[in-house]
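Colleague: Shown below is the structure under consideration.
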Amino acid sequence: MRYLAVRFLQSVFLLLGVSLLSFSFLELAPGDFFQEMRLNPQISPNTVARLRSNYGLDKPMPVRYVRWLASAVRGDFGFSFAYGSPVTPLLLVRARNTLLLAGTATLLAWTLAISLGVLCAARPGSWLDHGCSLLTSILLAIPELLLALCFLALGVRTGWFPAGGMVSPGFEDFTSWHRMSDLLWHMVLPVVVLVLGCLPMLLRHVRAALLEVLDFPFIRAAFGHGIPRRRVLFFHALPASINPLVSLFGFSLGALLSVSLLTEVIMSWPGLGPLLLEAVLAHDIYVVVGAMTFSTLFLVVGTALADLLLFAGDPRIRSEALI
Amino acid sequence: MLTSSTSEPLLRIDGLTRTRSQGRWWEKRFDCKALDGVDLTLETGKTLALVGKSGAGKTTLAMCVAMLDKPDSGEIWFDGYDLLSLTKSQHKVLRPRIQLIFQDSAAALPARFSAAQVIEEPLLVQGRYSAKQRSELAIELMLKVGLPPREANRLPHQFSGGQRQRLAIARSLALQPSLLILDEPFTGLDLSIRGQIVNLLLELQAQLSLTFLYISHDLDLVRHFSDTVAVMDRGRVVEHASARDLFRDPVHPESRALLACTDARSRR
């Protein structure tokens, strides 16, 4: 119980810290949302000043921060100047889109990583193993930006895949079956890019964890008892190697909202990435702070989930826990 | 060599060699002869002890006999079958008959399986028993090795060293082996537990007519526990005699050296 309380407090401090930092950074950057307007000679400085005080931008930063915090804990993350609407619904819609993309990609990447990793570790030094090693090295060396651009170019050139976006025009009039296939069609390219981006590291970790476990006596003992290779790999070796992988999975979950930022921007996927980028460039403070805090919340929940999974998955930790 | 009894020996090893190449890739590789022409026989229902210094090749030999490692040359005959050239179906039949008990029971048992699951798994893989039969057999085996059945849901790390070793024995017994290879199973157990496990093994040998290949450093236990003894040195069997003859009158200097250590200890 005490452990949980401490964890909770740590998370709260983390969230506070992140929101404060993002607020401060944006404040420190010169200018504000109405900067563009001030440069326009047709709008009088009085109008700009009035707009600013309407939105509360003339108050000092600490005051604004505390006000924001007070409403944030109630779920209201403020008001977006650029969109002219409250931040929270905007964030939620965009976050949903991002989760759809990143969630699918993460699931796919993990499935591939575990299957390939087990196969490679079971036959170290084989063609498959060397092939995967080469592939992961190449993928690690290519920046995600380049990958996204290449695939986008591929899509545009061949016309097999849409040149970005999430839905085709006229989506609302589609039948539900057509809607789903349209969505999937749009998802292919960004998901491929994301999977290729995180697969190398995951694959390497899975393979390394398994290789380490395969040296242990209980693996040989299992073979000695006539247990077939496949069962030994998946029921003995994999569960024993899972601990570091569960922690990694937790981080994967925590990064769900942030990992796809670059790809979303390039492929025009309406997720948190493009929203954040636009908001930073336009000085749309509350959107930025809201998005950052949201992302951090995800990270906190993801790592907590990882710890919980670890606890639930390893009977040894469970039996020795002091909770 | 021993005078052969009327029956064929259960296990016969001829000229077994196993060379391991050692050294990192930037060093000059040198070959280390783990086994260098080993000849041994073992009669059914008897216990053969394999003794020798560390690095003499005892564990390598055990691994080869247990079919967990392949020797470079030589022959291993088990009950009329050549273990090095088995067909798939022959392998399936013989695999359960030769079982190996490891030195470190904690490292040899899967950490996430309960005791019952550990014992039942070999049965599950064989596919001959229903779930109910399997759990009944597991309880029976636990009782046979002296483990209380109410601990069936405990995990290996929750048992003491002696109980874990019993669990490993129960797991091997599930397959109804003929030959049990014991690779220093008593190290790490304190003396009283050691005695209990030794007696358990002797009882099981009498009940189930098991044959033991027992690898050890501890010559006192060897004297108590085995019928014949083979002394190994640098991959070769340098002396092979009945336990009584060896302890009374060792021939090879290596055997004498080993016995000298024990005598010094027991004289203290």
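Residues in the structure tokens are named by chain (A, B, ... in the order shown) and by number from 1 within that chain; ligands are numbered from 1 in the order shown.
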Using only C-alpha atoms, find each residue in stretch 2-81 of chain B having at least one atom no more than 10 Å away from stretch 199-222 of chain A; report its shortest atom-to-atom pair and that distance in Å (one decimal), rows by chain then rising number, as JSON lines.
Modeller:
```
{"residue": "B:Met63", "atom": "CA", "partner": "A:Arg220", "partner_atom": "CA", "distance": 9.7}
{"residue": "B:Leu68", "atom": "CA", "partner": "A:Arg220", "partner_atom": "CA", "distance": 7.2}
{"residue": "B:Asp69", "atom": "CA", "partner": "A:Arg220", "partner_atom": "CA", "distance": 9.9}
```
Colleague: Using only C-alpha atoms, what table do you get, as a tab-separated table, when you list each residue of chain A with an atom no more than 10 Å from chain B, its nearest pair of atoms, and their distance in Å rounded to one decimal, rows by chain then rising number?
Modeller:
```
residue	atom	partner	partner_atom	distance
A:Phe216	CA	B:Ala107	CA	7.0
A:Pro217	CA	B:Ala108	CA	5.0
A:Phe218	CA	B:Ala108	CA	3.9
A:Ile219	CA	B:Ala108	CA	7.6
A:Arg220	CA	B:Leu68	CA	7.2
A:Ala221	CA	B:Ala108	CA	6.0
A:Ala222	CA	B:Leu109	CA	8.3
A:Phe223	CA	B:Leu68	CA	7.5
A:Gly224	CA	B:Gln99	CA	6.5
A:His225	CA	B:Pro122	CA	6.1
A:Gly226	CA	B:Arg95	CA	6.1
A:Ile227	CA	B:Val125	CA	6.2
A:Pro228	CA	B:Val125	CA	7.8
A:Arg231	CA	B:Val125	CA	9.1
A:Phe235	CA	B:Pro110	CA	9.5
A:His236	CA	B:Pro110	CA	6.6
A:Ala237	CA	B:Pro110	CA	8.9
A:Pro239	CA	B:Arg112	CA	7.8
A:Ala240	CA	B:Ala111	CA	7.6
A:Gly313	CA	B:Arg112	CA	9.2
A:Asp314	CA	B:Arg112	CA	7.3
A:Pro315	CA	B:Arg112	CA	6.5
A:Arg316	CA	B:His157	CA	7.8
A:Ser319	CA	B:Gln158	CA	8.9
```
Colleague: Using only C-alpha atoms for the distances, tell me which of A:Thr175, A:Val66, A:Val193, A:Leu238 is nearest to A:Ser260.
Modeller: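 Ranking A:Thr175, A:Val66, A:Val193, A:Leu238 by distance to A:Ser260, first place goes to A:Val193.
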Colleague: Just the number, please: distance in Å from atom CA of A:Ser168 to atom CA of A:Pro143, one decimal.
Modeller: 28.5 Å
Colleague: Using DSSP on the backbone coordinates, identify all residues within stretch 124-256 of chain A classified as helix (DSSP H, G or I); present the result as a PyMOL selection string.
Modeller: chain A and resi 127-141+144-158+171-173+176-214+217-224+229-256
Colleague: Report the distance between atom CA of A:Phe251 and atom CA of A:Ala109 in Å, rounded to one decimal place.
Modeller: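 Interatomic distance here is 13.6 Å.
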Colleague: Find the distance between atom CA of B:Arg12 and atom CA of B:Leu258 and write it in Å to one decimal.
Modeller: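 We find that atom CA of B:Arg12 and atom CA of B:Leu258 lie 25.1 Å from each other.
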Colleague: With a distance cut-off of 9 Å and only C-alpha atoms, select the neighbouring residues of B:Phe186, excluding the residue or stretch itself and same-chain residues fewer than 3 positions from it, and output the selection as an MDAnalysis selection string.
Modeller: chainID B and resid 103 162 165 183 189:191 193:194 197:198 216
Colleague: Stretch 302-312 of chain A: which residues within 9 Å, counting only C-alpha atoms, same-chain residues fewer than 6 positions away excluded, as a list of chain:residue names?
Modeller: A:Arg7, A:Ile242, A:Asn243, A:Pro244, A:Val246, A:Ser247, A:Leu248, A:Phe249, A:Gly250, A:Phe251, A:Ser252, A:Leu253, A:Gly254, A:Ala255, A:Leu256, A:Arg318, A:Ala321
Colleague: Write to file, as a PDB file, in the first residue's frame, the residues of the selection just made, with N, CA and C atoms.
Modeller:
```pdb
ATOM      1  N   ARG A   7       4.311   5.669  -5.401  1.00  0.00           N
ATOM      2  CA  ARG A   7       4.253   5.713  -6.860  1.00  0.00           C
ATOM      3  C   ARG A   7       3.307   6.804  -7.335  1.00  0.00           C
ATOM      4  N   ILE A 242      10.889 -13.288 -19.951  1.00  0.00           N
ATOM      5  CA  ILE A 242       9.902 -12.251 -20.197  1.00  0.00           C
ATOM      6  C   ILE A 242      10.085 -11.000 -19.351  1.00  0.00           C
ATOM      7  N   ASN A 243      10.767 -11.094 -18.220  1.00  0.00           N
ATOM      8  CA  ASN A 243      10.814  -9.927 -17.328  1.00  0.00           C
ATOM      9  C   ASN A 243      11.322  -8.647 -17.964  1.00  0.00           C
ATOM     10  N   PRO A 244      12.517  -8.662 -18.564  1.00  0.00           N
ATOM     11  CA  PRO A 244      12.944  -7.397 -19.188  1.00  0.00           C
ATOM     12  C   PRO A 244      12.017  -6.977 -20.317  1.00  0.00           C
ATOM     13  N   VAL A 246       8.760  -7.347 -20.425  1.00  0.00           N
ATOM     14  CA  VAL A 246       7.539  -6.723 -19.898  1.00  0.00           C
ATOM     15  C   VAL A 246       7.796  -5.248 -19.602  1.00  0.00           C
ATOM     16  N   SER A 247       8.954  -4.952 -19.024  1.00  0.00           N
ATOM     17  CA  SER A 247       9.293  -3.551 -18.765  1.00  0.00           C
ATOM     18  C   SER A 247       9.343  -2.769 -20.067  1.00  0.00           C
ATOM     19  N   LEU A 248       9.938  -3.380 -21.064  1.00  0.00           N
ATOM     20  CA  LEU A 248      10.027  -2.728 -22.372  1.00  0.00           C
ATOM     21  C   LEU A 248       8.639  -2.495 -22.959  1.00  0.00           C
ATOM     22  N   PHE A 249       7.765  -3.476 -22.755  1.00  0.00           N
ATOM     23  CA  PHE A 249       6.404  -3.345 -23.252  1.00  0.00           C
ATOM     24  C   PHE A 249       5.695  -2.186 -22.564  1.00  0.00           C
ATOM     25  N   GLY A 250       5.945  -2.045 -21.291  1.00  0.00           N
ATOM     26  CA  GLY A 250       5.360  -0.918 -20.570  1.00  0.00           C
ATOM     27  C   GLY A 250       5.782   0.407 -21.173  1.00  0.00           C
ATOM     28  N   PHE A 251       7.049   0.498 -21.520  1.00  0.00           N
ATOM     29  CA  PHE A 251       7.521   1.731 -22.161  1.00  0.00           C
ATOM     30  C   PHE A 251       6.882   1.913 -23.530  1.00  0.00           C
ATOM     31  N   SER A 252       6.697   0.798 -24.229  1.00  0.00           N
ATOM     32  CA  SER A 252       6.014   0.875 -25.520  1.00  0.00           C
ATOM     33  C   SER A 252       4.631   1.484 -25.356  1.00  0.00           C
ATOM     34  N   LEU A 253       3.930   1.004 -24.320  1.00  0.00           N
ATOM     35  CA  LEU A 253       2.610   1.541 -24.055  1.00  0.00           C
ATOM     36  C   LEU A 253       2.685   3.017 -23.701  1.00  0.00           C
ATOM     37  N   GLY A 254       3.656   3.347 -22.862  1.00  0.00           N
ATOM     38  CA  GLY A 254       3.776   4.730 -22.423  1.00  0.00           C
ATOM     39  C   GLY A 254       4.089   5.663 -23.570  1.00  0.00           C
ATOM     40  N   ALA A 255       4.796   5.150 -24.560  1.00  0.00           N
ATOM     41  CA  ALA A 255       5.192   6.000 -25.673  1.00  0.00           C
ATOM     42  C   ALA A 255       4.164   6.035 -26.778  1.00  0.00           C
ATOM     43  N   LEU A 256       3.034   5.389 -26.573  1.00  0.00           N
ATOM     44  CA  LEU A 256       2.035   5.288 -27.629  1.00  0.00           C
ATOM     45  C   LEU A 256       1.627   6.628 -28.221  1.00  0.00           C
ATOM     46  N   ARG A 318       5.860 -12.017  -6.813  1.00  0.00           N
ATOM     47  CA  ARG A 318       4.618 -11.970  -6.062  1.00  0.00           C
ATOM     48  C   ARG A 318       4.775 -12.536  -4.664  1.00  0.00           C
ATOM     49  N   ALA A 321       6.708 -10.226  -2.332  1.00  0.00           N
ATOM     50  CA  ALA A 321       6.329  -8.801  -2.275  1.00  0.00           C
ATOM     51  C   ALA A 321       5.958  -8.423  -0.851  1.00  0.00           C
TER      52      ALA A 321
END
```
Colleague: So which residues touch A:Met166 within 8 Å, counting only C-alpha atoms, skipping near sequence neighbours fewer than 5 positions away, as an MDAnalysis selection string?
Modeller: chainID A and resid 183 186:187 268:270
Colleague: Output N, CA and C atoms for every residue in that selection, as a tab-separated table (two decimals), in the first residue's frame.
Modeller:
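Saved file again_9.tsv follows:
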```
chain	number	residue	atom	x	y	z
A	183	LEU	N	-10.51	3.29	-43.96
A	183	LEU	CA	-9.62	3.60	-42.83
A	183	LEU	C	-8.38	2.72	-42.87
A	186	HIS	N	-5.94	3.70	-45.52
A	186	HIS	CA	-5.15	4.87	-45.13
A	186	HIS	C	-4.12	4.55	-44.07
A	187	MET	N	-4.41	3.51	-43.29
A	187	MET	CA	-3.51	3.20	-42.17
A	187	MET	C	-2.27	2.44	-42.59
A	268	SER	N	0.35	13.29	-42.79
A	268	SER	CA	-0.89	14.04	-42.59
A	268	SER	C	-1.95	13.24	-41.87
A	269	TRP	N	-1.53	12.45	-40.92
A	269	TRP	CA	-2.50	11.71	-40.12
A	269	TRP	C	-2.98	12.62	-39.00
A	270	PRO	N	-4.27	12.84	-38.89
A	270	PRO	CA	-4.77	13.82	-37.91
A	270	PRO	C	-4.68	13.34	-36.46
```
